[in-house]
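Structure data follow from start-v3.cif (mmCIF, C-alpha atoms):
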data_target
#
loop_
_atom_site.label_atom_id
_atom_site.label_comp_id
_atom_site.auth_asym_id
_atom_site.auth_seq_id
_atom_site.Cartn_x
_atom_site.Cartn_y
_atom_site.Cartn_z
CA MET A 21 194.08 -55.75 61.63
CA TYR A 22 191.93 -58.76 62.63
CA PHE A 23 188.36 -59.20 63.77
CA PHE A 24 187.17 -61.96 66.05
CA SER A 25 184.51 -64.09 64.32
CA GLN A 26 183.01 -66.94 66.33
CA THR A 27 185.98 -69.17 67.20
CA ARG A 28 188.63 -67.81 64.87
CA LEU A 29 190.26 -64.64 63.70
CA VAL A 30 189.27 -63.38 60.26
CA PRO A 31 191.44 -60.84 58.38
CA GLN A 32 189.70 -57.54 57.70
CA LYS A 33 190.26 -57.96 53.95
CA ALA A 34 188.60 -61.38 53.98
CA ARG A 35 185.71 -60.10 56.11
CA CYS A 36 185.11 -57.19 53.72
CA TYR A 37 185.14 -59.62 50.77
CA ILE A 38 182.57 -61.84 52.45
CA THR A 39 180.25 -58.96 53.33
CA ASP A 40 180.68 -57.08 50.03
CA ASN A 41 180.36 -60.02 47.60
CA LYS A 42 176.63 -60.20 46.99
CA ARG A 43 177.04 -63.43 45.03
CA LEU A 44 177.82 -65.25 48.27
CA PHE A 45 174.22 -64.78 49.39
CA LEU A 46 173.10 -67.66 47.13
CA PRO A 47 175.45 -70.39 48.47
CA PHE A 48 174.71 -69.11 52.00
CA LEU A 49 170.97 -69.55 51.32
CA LEU A 50 171.53 -73.04 49.91
CA LEU A 51 173.67 -74.20 52.84
CA THR A 52 171.11 -72.80 55.28
CA ALA A 53 168.27 -74.59 53.49
CA LEU A 54 170.25 -77.84 53.52
CA ALA A 55 170.90 -77.47 57.25
CA ILE A 56 167.18 -77.06 58.09
CA PRO A 57 165.35 -80.42 58.10
CA ALA A 58 162.09 -78.88 56.84
CA THR A 59 163.70 -77.49 53.68
CA ARG A 60 166.44 -80.08 53.10
CA GLU A 61 164.47 -82.46 50.88
CA PHE A 62 163.15 -79.94 48.35
CA THR A 63 166.53 -78.13 48.33
CA LEU A 64 168.34 -81.35 47.40
CA GLN A 65 165.79 -82.04 44.67
CA ALA A 66 165.93 -78.47 43.33
CA LEU A 67 169.74 -78.57 43.14
CA SER A 68 169.73 -81.97 41.47
CA ASP A 69 167.06 -80.93 38.95
CA ALA A 70 168.93 -77.73 38.12
CA PHE A 71 172.13 -79.65 37.44
CA PHE A 72 170.75 -82.58 35.43
CA GLN A 73 167.95 -80.72 33.63
CA VAL A 74 169.88 -77.53 32.82
CA SER A 75 173.59 -77.30 33.70
CA VAL A 76 174.72 -80.44 31.89
CA PHE A 77 172.87 -79.58 28.68
CA VAL A 78 174.01 -75.94 28.83
CA ALA A 79 177.66 -77.04 29.17
CA ALA A 80 177.32 -79.43 26.21
CA THR A 81 175.54 -76.78 24.11
CA LEU A 82 178.21 -74.20 24.93
CA LEU A 83 181.02 -76.56 23.93
CA ILE A 84 179.42 -77.09 20.52
CA TYR A 85 178.56 -73.40 20.12
CA TYR A 86 182.03 -72.04 20.91
CA TYR A 87 183.64 -74.66 18.69
CA LEU A 88 181.50 -73.55 15.75
CA ILE A 89 181.62 -69.79 16.42
CA ASP A 90 185.43 -69.78 16.15
CA ARG A 91 185.05 -70.74 12.50
CA LEU A 92 182.61 -67.94 11.62
CA PRO A 93 184.25 -64.69 10.45
CA GLN A 94 183.10 -61.39 11.96
CA LEU A 95 181.98 -58.98 9.28
CA GLN A 96 182.25 -55.24 9.65
CA LEU A 97 178.85 -53.54 9.67
CA SER A 98 180.31 -50.44 8.02
CA TYR A 99 180.99 -52.50 4.87
CA LEU A 100 177.48 -53.96 4.92
CA ARG A 101 175.91 -50.54 5.46
CA ALA A 102 177.71 -49.21 2.39
CA LYS A 103 176.21 -52.05 0.36
CA SER A 104 172.69 -51.95 1.76
CA GLY A 105 170.96 -50.59 4.84
CA ILE A 106 168.69 -53.62 5.16
CA LEU A 107 171.71 -55.93 4.84
CA GLU A 108 173.36 -54.17 7.76
CA VAL A 109 170.24 -54.35 9.92
CA SER A 110 169.63 -57.98 8.97
CA PHE A 111 173.15 -59.03 9.89
CA ALA A 112 172.90 -57.10 13.16
CA SER A 113 169.72 -59.01 13.99
CA ILE A 114 171.40 -62.32 13.22
CA LEU A 115 174.33 -61.40 15.46
CA GLY A 116 171.86 -60.51 18.21
CA ALA A 117 170.02 -63.83 17.87
CA LEU A 118 173.22 -65.79 18.46
CA PRO A 119 173.18 -67.26 21.99
CA GLY A 120 175.02 -65.15 24.53
CA CYS A 121 175.73 -61.45 24.34
CA GLY A 122 178.88 -61.44 22.18
CA GLY A 123 177.13 -60.55 18.93
CA ALA A 124 175.17 -57.72 20.52
CA ILE A 125 178.28 -56.27 22.15
CA ILE A 126 180.04 -56.34 18.75
CA VAL A 127 177.28 -54.22 17.19
CA VAL A 128 177.11 -51.79 20.12
CA THR A 129 180.88 -51.34 20.02
CA GLN A 130 180.86 -50.73 16.27
CA PHE A 131 178.06 -48.18 16.74
CA THR A 132 180.17 -46.22 19.25
CA LYS A 133 183.06 -46.35 16.76
CA LYS A 134 180.68 -44.86 14.13
CA GLN A 135 180.74 -48.03 12.02
CA ALA A 136 177.08 -48.98 12.49
CA SER A 137 173.73 -47.20 12.39
CA PHE A 138 171.38 -46.62 15.29
CA GLY A 139 168.86 -48.90 13.58
CA SER A 140 171.34 -51.79 13.80
CA VAL A 141 171.63 -51.20 17.56
CA VAL A 142 167.85 -51.39 17.94
CA ALA A 143 167.81 -54.49 15.74
CA VAL A 144 170.50 -56.32 17.69
CA LEU A 145 169.09 -55.45 21.12
CA THR A 146 165.62 -56.52 19.98
CA ALA A 147 166.85 -59.85 18.62
CA THR A 148 169.14 -60.82 21.49
CA MET A 149 168.12 -63.19 24.30
CA GLY A 150 171.53 -63.20 25.96
CA ASP A 151 172.50 -66.26 27.99
CA ALA A 152 168.82 -67.17 28.37
CA ALA A 153 169.10 -68.49 24.80
CA PHE A 154 171.52 -71.19 25.94
CA LEU A 155 169.02 -72.27 28.59
CA LEU A 156 166.12 -72.43 26.12
CA LEU A 157 168.12 -74.24 23.42
CA ALA A 158 169.47 -76.76 25.93
CA THR A 159 166.07 -77.64 27.38
CA ARG A 160 163.58 -76.88 24.57
CA PRO A 161 165.59 -76.67 21.32
CA LEU A 162 162.58 -76.30 19.00
CA ASP A 163 161.20 -73.43 21.06
CA GLY A 164 164.69 -71.93 21.12
CA LEU A 165 165.05 -72.03 17.33
CA LEU A 166 161.55 -70.60 16.90
CA MET A 167 162.29 -67.76 19.31
CA MET A 168 165.57 -66.99 17.50
CA LEU A 169 163.68 -66.80 14.19
CA ILE A 170 161.06 -64.52 15.74
CA GLY A 171 163.79 -62.35 17.27
CA VAL A 172 165.60 -61.94 13.94
CA SER A 173 162.36 -61.06 12.13
CA VAL A 174 161.23 -58.53 14.74
CA GLY A 175 164.76 -57.11 14.92
CA ILE A 176 164.94 -56.51 11.17
CA ILE A 177 161.52 -54.83 11.08
CA SER A 178 162.28 -52.67 14.13
CA GLY A 179 165.72 -51.65 12.87
CA GLN A 180 164.40 -50.71 9.45
CA ILE A 181 161.57 -48.61 10.89
CA VAL A 182 163.98 -46.81 13.24
CA ASN A 183 166.34 -46.02 10.34
CA LEU A 184 163.43 -44.46 8.47
CA PHE A 185 162.95 -41.88 11.24
CA HIS A 186 166.56 -41.47 12.41
CA SER A 187 169.77 -40.87 10.55
CA SER A 188 172.42 -43.57 10.83
CA SER A 189 174.50 -41.33 13.11
CA SER A 190 171.67 -40.54 15.56
CA PHE A 191 172.68 -40.74 19.24
CA GLN A 192 176.27 -41.65 18.42
CA PRO A 193 178.87 -40.36 20.93
CA SER A 194 180.91 -37.40 19.73
CA ASN A 195 184.18 -39.34 19.96
CA ALA A 196 184.68 -42.86 18.65
CA THR A 197 185.06 -45.15 21.64
CA GLU A 198 185.54 -48.85 22.29
CA TYR A 199 184.34 -51.00 25.16
CA ASN A 200 187.03 -52.93 26.98
CA GLU A 201 185.90 -54.94 29.97
CA GLU A 202 188.45 -55.98 32.55
CA PRO A 203 188.39 -59.77 33.04
CA GLN A 204 186.92 -60.83 36.39
CA CYS A 205 187.77 -64.52 36.22
CA GLN A 206 189.85 -66.07 38.97
CA PRO A 207 192.27 -68.62 37.42
CA LYS A 208 192.86 -70.38 40.75
CA ILE A 209 189.14 -70.91 41.26
CA LEU A 210 188.71 -72.26 37.74
CA GLU A 211 191.62 -74.65 38.28
CA TYR A 212 189.41 -76.50 40.75
CA SER A 213 186.46 -76.44 38.38
CA ARG A 214 188.12 -77.81 35.23
CA PRO A 215 189.08 -81.31 36.49
CA VAL A 216 185.75 -81.73 38.25
CA TRP A 217 183.80 -80.97 35.08
CA LYS A 218 186.10 -83.10 32.93
CA LEU A 219 185.39 -86.11 35.15
CA ALA A 220 181.69 -85.41 35.67
CA LEU A 221 180.43 -84.22 32.27
CA ILE A 222 180.13 -87.54 30.39
CA PRO A 223 178.47 -89.57 33.18
CA SER A 224 176.29 -86.55 33.98
CA LEU A 225 175.18 -86.32 30.35
CA ILE A 226 174.20 -90.00 30.39
CA ILE A 227 172.14 -89.50 33.56
CA ALA A 228 170.64 -86.28 32.17
CA PHE A 229 169.51 -88.02 28.97
CA VAL A 230 167.93 -90.83 31.02
CA ILE A 231 166.05 -88.26 33.10
CA ALA A 232 165.08 -86.32 29.95
CA THR A 233 163.25 -89.42 28.66
CA ASN A 234 160.99 -89.18 31.76
CA THR A 235 162.53 -92.33 33.21
CA ASP A 236 162.21 -92.46 36.99
CA THR A 237 165.69 -93.09 38.40
CA ARG A 238 164.08 -95.18 41.16
CA PHE A 239 163.49 -97.79 38.46
CA PHE A 240 167.18 -98.64 38.88
CA GLY A 241 166.85 -98.93 42.65
CA GLU A 242 166.12 -96.60 45.56
CA GLY A 243 169.77 -96.49 46.62
CA LEU A 244 171.06 -95.54 43.17
CA ALA A 245 168.33 -92.89 42.79
CA ASN A 246 169.39 -91.29 46.07
CA ILE A 247 173.05 -91.37 45.00
CA ILE A 248 172.14 -89.62 41.72
CA THR A 249 170.17 -86.95 43.59
CA VAL A 250 173.01 -86.29 46.04
CA PHE A 251 175.59 -86.24 43.24
CA GLY A 252 173.55 -83.73 41.22
CA SER A 253 173.03 -81.60 44.32
CA LEU A 254 176.73 -81.56 45.15
CA MET A 255 177.66 -80.64 41.56
CA ALA A 256 175.10 -77.81 41.51
CA LEU A 257 176.29 -76.53 44.89
CA PHE A 258 179.92 -76.74 43.76
CA THR A 259 179.08 -74.82 40.58
CA VAL A 260 177.26 -72.09 42.50
CA ILE A 261 180.15 -71.71 44.96
CA VAL A 262 182.67 -71.41 42.12
CA TRP A 263 180.44 -68.79 40.46
CA ALA A 264 180.19 -66.85 43.72
CA LEU A 265 183.97 -66.83 44.19
CA SER A 266 184.76 -66.00 40.54
CA SER A 267 183.92 -62.31 40.90
CA LYS A 268 184.02 -59.55 43.48
CA GLY A 269 180.22 -59.45 43.21
CA ALA A 270 180.19 -55.90 44.56
CA SER A 271 177.94 -54.29 41.94
CA TYR A 272 174.66 -55.08 40.24
CA LYS A 273 176.53 -55.68 36.99
CA GLN A 274 178.93 -58.18 38.54
CA VAL A 275 176.01 -60.16 39.93
CA THR A 276 173.68 -60.17 36.92
CA SER A 277 176.12 -60.42 34.00
CA GLU A 278 178.56 -63.04 32.83
CA GLU A 279 182.25 -62.51 33.48
CA ALA A 280 184.58 -61.18 30.80
CA PRO A 281 186.78 -64.00 29.48
CA CYS A 282 190.24 -64.64 30.84
CA THR A 283 193.38 -63.73 28.93
CA PRO A 284 194.56 -65.67 27.02
CA PRO A 285 191.07 -66.82 26.05
CA SER A 286 190.17 -70.48 26.45
CA LYS A 287 187.03 -72.12 25.08
CA LEU A 288 186.82 -74.47 28.06
CA THR A 289 187.22 -71.58 30.51
CA LYS A 290 184.49 -69.59 28.76
CA VAL A 291 182.20 -72.63 28.69
CA LEU A 292 182.67 -73.18 32.43
CA MET A 293 182.20 -69.50 33.31
CA ASP A 294 178.95 -69.29 31.33
CA THR A 295 177.73 -72.62 32.70
CA HIS A 296 178.42 -71.48 36.27
CA PHE A 297 176.57 -68.22 35.63
CA VAL A 298 173.48 -69.85 34.10
CA THR A 299 173.44 -72.56 36.78
CA ALA A 300 173.56 -70.02 39.61
CA TRP A 301 170.55 -68.10 38.30
CA VAL A 302 168.61 -71.27 37.51
CA VAL A 303 169.29 -72.59 41.02
CA ALA A 304 168.17 -69.24 42.45
CA SER A 305 164.96 -69.45 40.39
CA PHE A 306 164.29 -73.03 41.47
CA MET A 307 164.87 -72.15 45.13
CA VAL A 308 162.61 -69.10 45.04
CA PHE A 309 159.90 -71.26 43.46
CA GLU A 310 160.31 -74.05 46.05
CA ILE A 311 160.34 -71.63 48.99
CA LEU A 312 157.22 -69.83 47.75
CA VAL A 313 155.37 -73.12 47.16
CA ASN A 314 156.56 -75.21 50.13
CA VAL A 315 157.14 -72.56 52.78
CA ALA A 316 154.89 -69.62 51.88
CA GLY A 317 152.17 -71.74 50.27
CA VAL A 318 152.04 -69.62 47.10
CA ASP A 319 150.84 -71.34 43.93
CA LEU A 320 152.67 -69.46 41.17
CA ALA A 321 151.09 -71.50 38.39
CA ALA A 322 147.61 -70.66 39.66
CA TRP A 323 148.52 -67.01 40.16
CA PHE A 324 149.85 -66.61 36.61
CA SER A 325 146.84 -68.54 35.34
CA GLU A 326 144.43 -66.21 37.14
CA TYR A 327 146.32 -63.07 36.14
CA ALA A 328 147.58 -64.34 32.80
CA TYR A 329 146.91 -60.99 31.16
CA LEU A 330 149.67 -59.46 33.31
CA ALA A 331 152.32 -62.05 32.42
CA PRO A 332 153.56 -60.39 29.19
CA LEU A 333 153.66 -56.97 30.89
CA VAL A 334 155.63 -58.30 33.87
CA ALA A 335 157.99 -60.16 31.52
CA VAL A 336 158.62 -56.98 29.49
CA ALA A 337 159.28 -55.00 32.70
CA ILE A 338 161.88 -57.59 33.79
CA GLY A 339 163.39 -57.43 30.30
CA LEU A 340 164.17 -53.74 30.84
CA LEU A 341 166.69 -54.71 33.54
CA PRO A 342 170.23 -54.91 32.15
CA GLY A 343 172.12 -58.18 32.51
CA CYS A 344 171.21 -61.78 31.71
CA GLY A 345 170.43 -62.95 35.24
CA PRO A 346 166.86 -61.60 35.55
CA GLN A 347 166.06 -62.92 32.06
CA ILE A 348 167.19 -66.43 33.03
CA VAL A 349 164.63 -66.30 35.84
CA VAL A 350 161.84 -65.60 33.32
CA MET A 351 163.11 -68.36 31.01
CA THR A 352 163.17 -70.79 33.94
CA LEU A 353 159.54 -69.97 34.74
CA TYR A 354 158.64 -70.74 31.13
CA ILE A 355 160.53 -74.04 31.12
CA GLN A 356 158.74 -75.04 34.32
CA GLY A 357 155.40 -74.34 32.64
CA ILE A 358 154.48 -71.46 34.94
CA ILE A 359 154.27 -68.69 32.33
CA PRO A 360 153.06 -68.99 28.70
CA PHE A 361 155.10 -68.68 25.51
CA SER A 362 153.70 -65.18 24.98
CA ALA A 363 155.30 -63.92 28.20
CA MET A 364 158.62 -65.60 27.44
CA ALA A 365 158.62 -64.12 23.93
CA ALA A 366 157.82 -60.65 25.27
CA ASN A 367 160.76 -60.88 27.65
CA ALA A 368 163.09 -62.22 24.94
CA ILE A 369 162.31 -59.25 22.69
CA SER A 370 162.50 -56.60 25.42
CA ASN A 371 165.65 -57.85 27.16
CA ASP A 372 169.03 -56.54 26.01
CA GLY A 373 171.23 -58.85 28.08
CA ASP A 374 174.76 -57.81 28.97
CA ALA A 375 175.00 -55.69 25.80
CA LEU A 376 173.14 -52.90 27.58
CA PHE A 377 176.09 -52.34 29.96
CA PRO A 378 178.55 -51.15 27.25
CA ALA A 379 175.74 -49.19 25.60
CA ILE A 380 175.01 -47.35 28.86
CA ALA A 381 178.73 -46.74 29.44
CA LEU A 382 179.57 -45.48 25.96
CA ALA A 383 176.32 -44.09 24.51
CA PRO A 384 173.74 -43.65 27.30
CA LYS A 385 171.22 -41.73 25.18
CA ALA A 386 171.34 -44.39 22.48
CA ALA A 387 170.94 -47.09 25.14
CA LEU A 388 167.85 -45.38 26.56
CA MET A 389 166.21 -44.82 23.18
CA ALA A 390 167.04 -48.34 21.95
CA THR A 391 165.47 -49.78 25.11
CA VAL A 392 162.32 -47.73 24.55
CA TYR A 393 162.12 -48.80 20.90
CA SER A 394 162.61 -52.49 21.74
CA THR A 395 159.85 -52.33 24.37
CA ILE A 396 157.18 -51.43 21.80
CA PRO A 397 157.50 -54.60 19.64
CA ALA A 398 157.90 -56.67 22.82
CA LEU A 399 154.47 -55.53 24.07
CA LEU A 400 152.88 -55.93 20.64
CA LEU A 401 154.29 -59.42 20.16
CA GLY A 402 153.61 -60.55 23.73
CA TYR A 403 149.97 -59.48 23.77
CA GLY A 404 149.45 -60.51 20.15
CA LEU A 405 150.50 -64.06 21.05
CA TYR A 406 148.53 -63.89 24.32
CA PHE A 407 145.24 -62.95 22.62
CA TYR A 408 145.97 -65.61 20.00
CA GLY A 409 146.03 -68.11 22.86
CA ILE A 410 149.76 -68.92 22.84
#

Produce structure tokens that represent the structure in this file.
Amino acid sequence: MYFFSQTRLVPQKARCYITDNKRLFLPFLLLTALAIPATREFTLQALSDAFFQVSVFVAATLLIYYYLIDRLPQLQLSYLRAKSGILEVSFASILGALPGCGGAIIVVTQFTKKQASFGSVVAVLTATMGDAAFLLLATRPLDGLLMMLIGVSVGIISGQIVNLFHSSSSFQPSNATEYNEEPQCQPKILEYSRPVWKLALIPSLIIAFVIATNTDTRFFGEGLANIITVFGSLMALFTVIVWALSSKGASYKQVTSEEAPCTPPSKLTKVLMDTHFVTAWVVASFMVFEILVNVAGVDLAAWFSEYAYLAPLVAVAIGLLPGCGPQIVVMTLYIQGIIPFSAMAANAISNDGDALFPAIALAPKAALMATVYSTIPALLLGYGLYFYGI
């Protein structure tokens, strides 16, 4: 059956995909903003900034990270727990601090298989920053390393305290279960992305490093500066479109979490999928900021400055949302200098990233209690840093 849409016929299946895929809202917003003269200039600049200031460095960081992580063996927490409870909790915190959500999902899965304690779940969810860690490391590496160290320390302390009051088997499901996520990636879509990134990455890195040194690209000529801006905008728009078409985008989880890797796994494919995901949420953050400032006349920096005491609380509340997307928004606000380190740290401790999805699916009571327990140190740390003037 076909429906008439403007000047052409659109299959019902295609129409349902377009209306049901919530990810398509972002490229639609971008194309609309580019079509309107009043919003075109700041949209081009926002897209270009997102690509050169974030996407390029995230892609490079991911390439290095996945190359190294393949050479690190995964230890079983059950073995560590038999040796020492603090060793188990410490290793869980370290796994959580690793960029991305892979380490946290490993611990959650082992908990549901009765190979890890509830304290290790609290520790890993407290320490994890999810994909927001890639963004922080790529743009502010020293802050990223400091936040990882803080996350590990708070995770160890939280996990140990929880294990003092709960047995290792608390909140475990009655039957041992394992989380298996069906891959969402679309190989045909990624086929278009791979050659584009292979051609664009090196020259984009060179441009990104030049921009990172606070060099005005207009120093090389107005024409070249405009070409760089348009190129960055097109790459960001291309990345967002690929992200939107790489998933059905029908549920909250499919919009806010990274896709499960393709089979067979490929480091380059995983790098591109994660880069597309981070880029999409960064672009969304940049656009919301530009629209509020340039269209609505809202000064976010002044608002957060006036109500700075609310920033850690708001950041913790956002951290309670599962998925990495909302947390990338908070990290973007920090990188732009809108919120203080205390608010970013509070969000980093409270957020559980994508690891909360398997926890909710396999051990919902444990997921709820772990979220509650991770909120307490997040508030203490956030407001401790805030009153210390950080």

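Distances to Gln356 (chain A) were evaluated for A:Leu254, A:Leu388, A:Val302, A:Leu49 using only C-alpha atoms, and the minimum falls at A:Val302.
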
Subject >> Within 12 Å of file point (182.7, -83.9, 36.4), counting all atoms listed in the file, expressed as a PyMOL selection string >> reply: chain A and resi 71+75-76+79+212-225+251-252+254-256+258-259+292

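Take the candidates A:Phe324, A:Tyr272, A:Tyr354, A:Tyr408 and check each one against Arg43 (chain A) using all atoms listed in the file; the shortest distance goes to A:Tyr272.
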
Original post:
Which residues, written as a PyMOL selection string, have at least one atom at most 10 Å from Asp40 (chain A), with all atoms listed in the file counted and residues fewer than 6 positions away on the same chain left out?
Top reply: chain A and resi 34+268-271

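Using all atoms listed in the file for every distance, the candidate list A:Ser325, A:Ser113, A:Ala368, A:Glu310 yields A:Ala368 as the residue closest to Ile338 (chain A).
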
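We find CA of Val275 (chain A) and CA of Trp263 (chain A) to be spaced 9.7 Å apart.
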
Complete the atom set of region 125-141 of chain A to N, CA and C atoms and return it as a CSV table (one decimal), keeping the file's coordinate frame.
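Result saved to result08.csv:
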chain,number,residue,atom,x,y,z
A,125,ILE,N,177.2,-57.2,21.7
A,125,ILE,CA,178.3,-56.3,22.2
A,125,ILE,C,179.1,-55.8,21.0
A,126,ILE,N,179.3,-56.7,20.0
A,126,ILE,CA,180.0,-56.3,18.8
A,126,ILE,C,179.3,-55.2,18.0
A,127,VAL,N,178.0,-55.3,17.9
A,127,VAL,CA,177.3,-54.2,17.2
A,127,VAL,C,177.3,-52.9,18.0
A,128,VAL,N,177.1,-53.0,19.3
A,128,VAL,CA,177.1,-51.8,20.1
A,128,VAL,C,178.5,-51.1,20.0
A,129,THR,N,179.5,-51.9,20.1
A,129,THR,CA,180.9,-51.3,20.0
A,129,THR,C,181.1,-50.7,18.7
A,130,GLN,N,180.7,-51.3,17.6
A,130,GLN,CA,180.9,-50.7,16.3
A,130,GLN,C,180.0,-49.5,16.1
A,131,PHE,N,178.9,-49.4,16.8
A,131,PHE,CA,178.1,-48.2,16.7
A,131,PHE,C,178.8,-47.0,17.4
A,132,THR,N,179.4,-47.3,18.6
A,132,THR,CA,180.2,-46.2,19.2
A,132,THR,C,181.4,-45.8,18.5
A,133,LYS,N,181.9,-46.7,17.6
A,133,LYS,CA,183.1,-46.4,16.8
A,133,LYS,C,182.6,-45.8,15.4
A,134,LYS,N,181.3,-45.5,15.3
A,134,LYS,CA,180.7,-44.9,14.1
A,134,LYS,C,180.8,-45.7,12.9
A,135,GLN,N,180.7,-47.1,13.1
A,135,GLN,CA,180.7,-48.0,12.0
A,135,GLN,C,179.4,-48.7,11.8
A,136,ALA,N,178.4,-48.4,12.6
A,136,ALA,CA,177.1,-49.0,12.5
A,136,ALA,C,176.0,-47.9,12.8
A,137,SER,N,174.8,-48.2,12.2
A,137,SER,CA,173.7,-47.2,12.4
A,137,SER,C,173.0,-47.5,13.7
A,138,PHE,N,172.2,-46.5,14.1
A,138,PHE,CA,171.4,-46.6,15.3
A,138,PHE,C,170.3,-47.7,15.1
A,139,GLY,N,169.8,-47.9,13.9
A,139,GLY,CA,168.9,-48.9,13.6
A,139,GLY,C,169.4,-50.3,13.8
A,140,SER,N,170.7,-50.5,13.6
A,140,SER,CA,171.3,-51.8,13.8
A,140,SER,C,171.4,-52.1,15.3
A,141,VAL,N,171.6,-51.0,16.1
A,141,VAL,CA,171.6,-51.2,17.6
A,141,VAL,C,170.3,-51.7,18.1
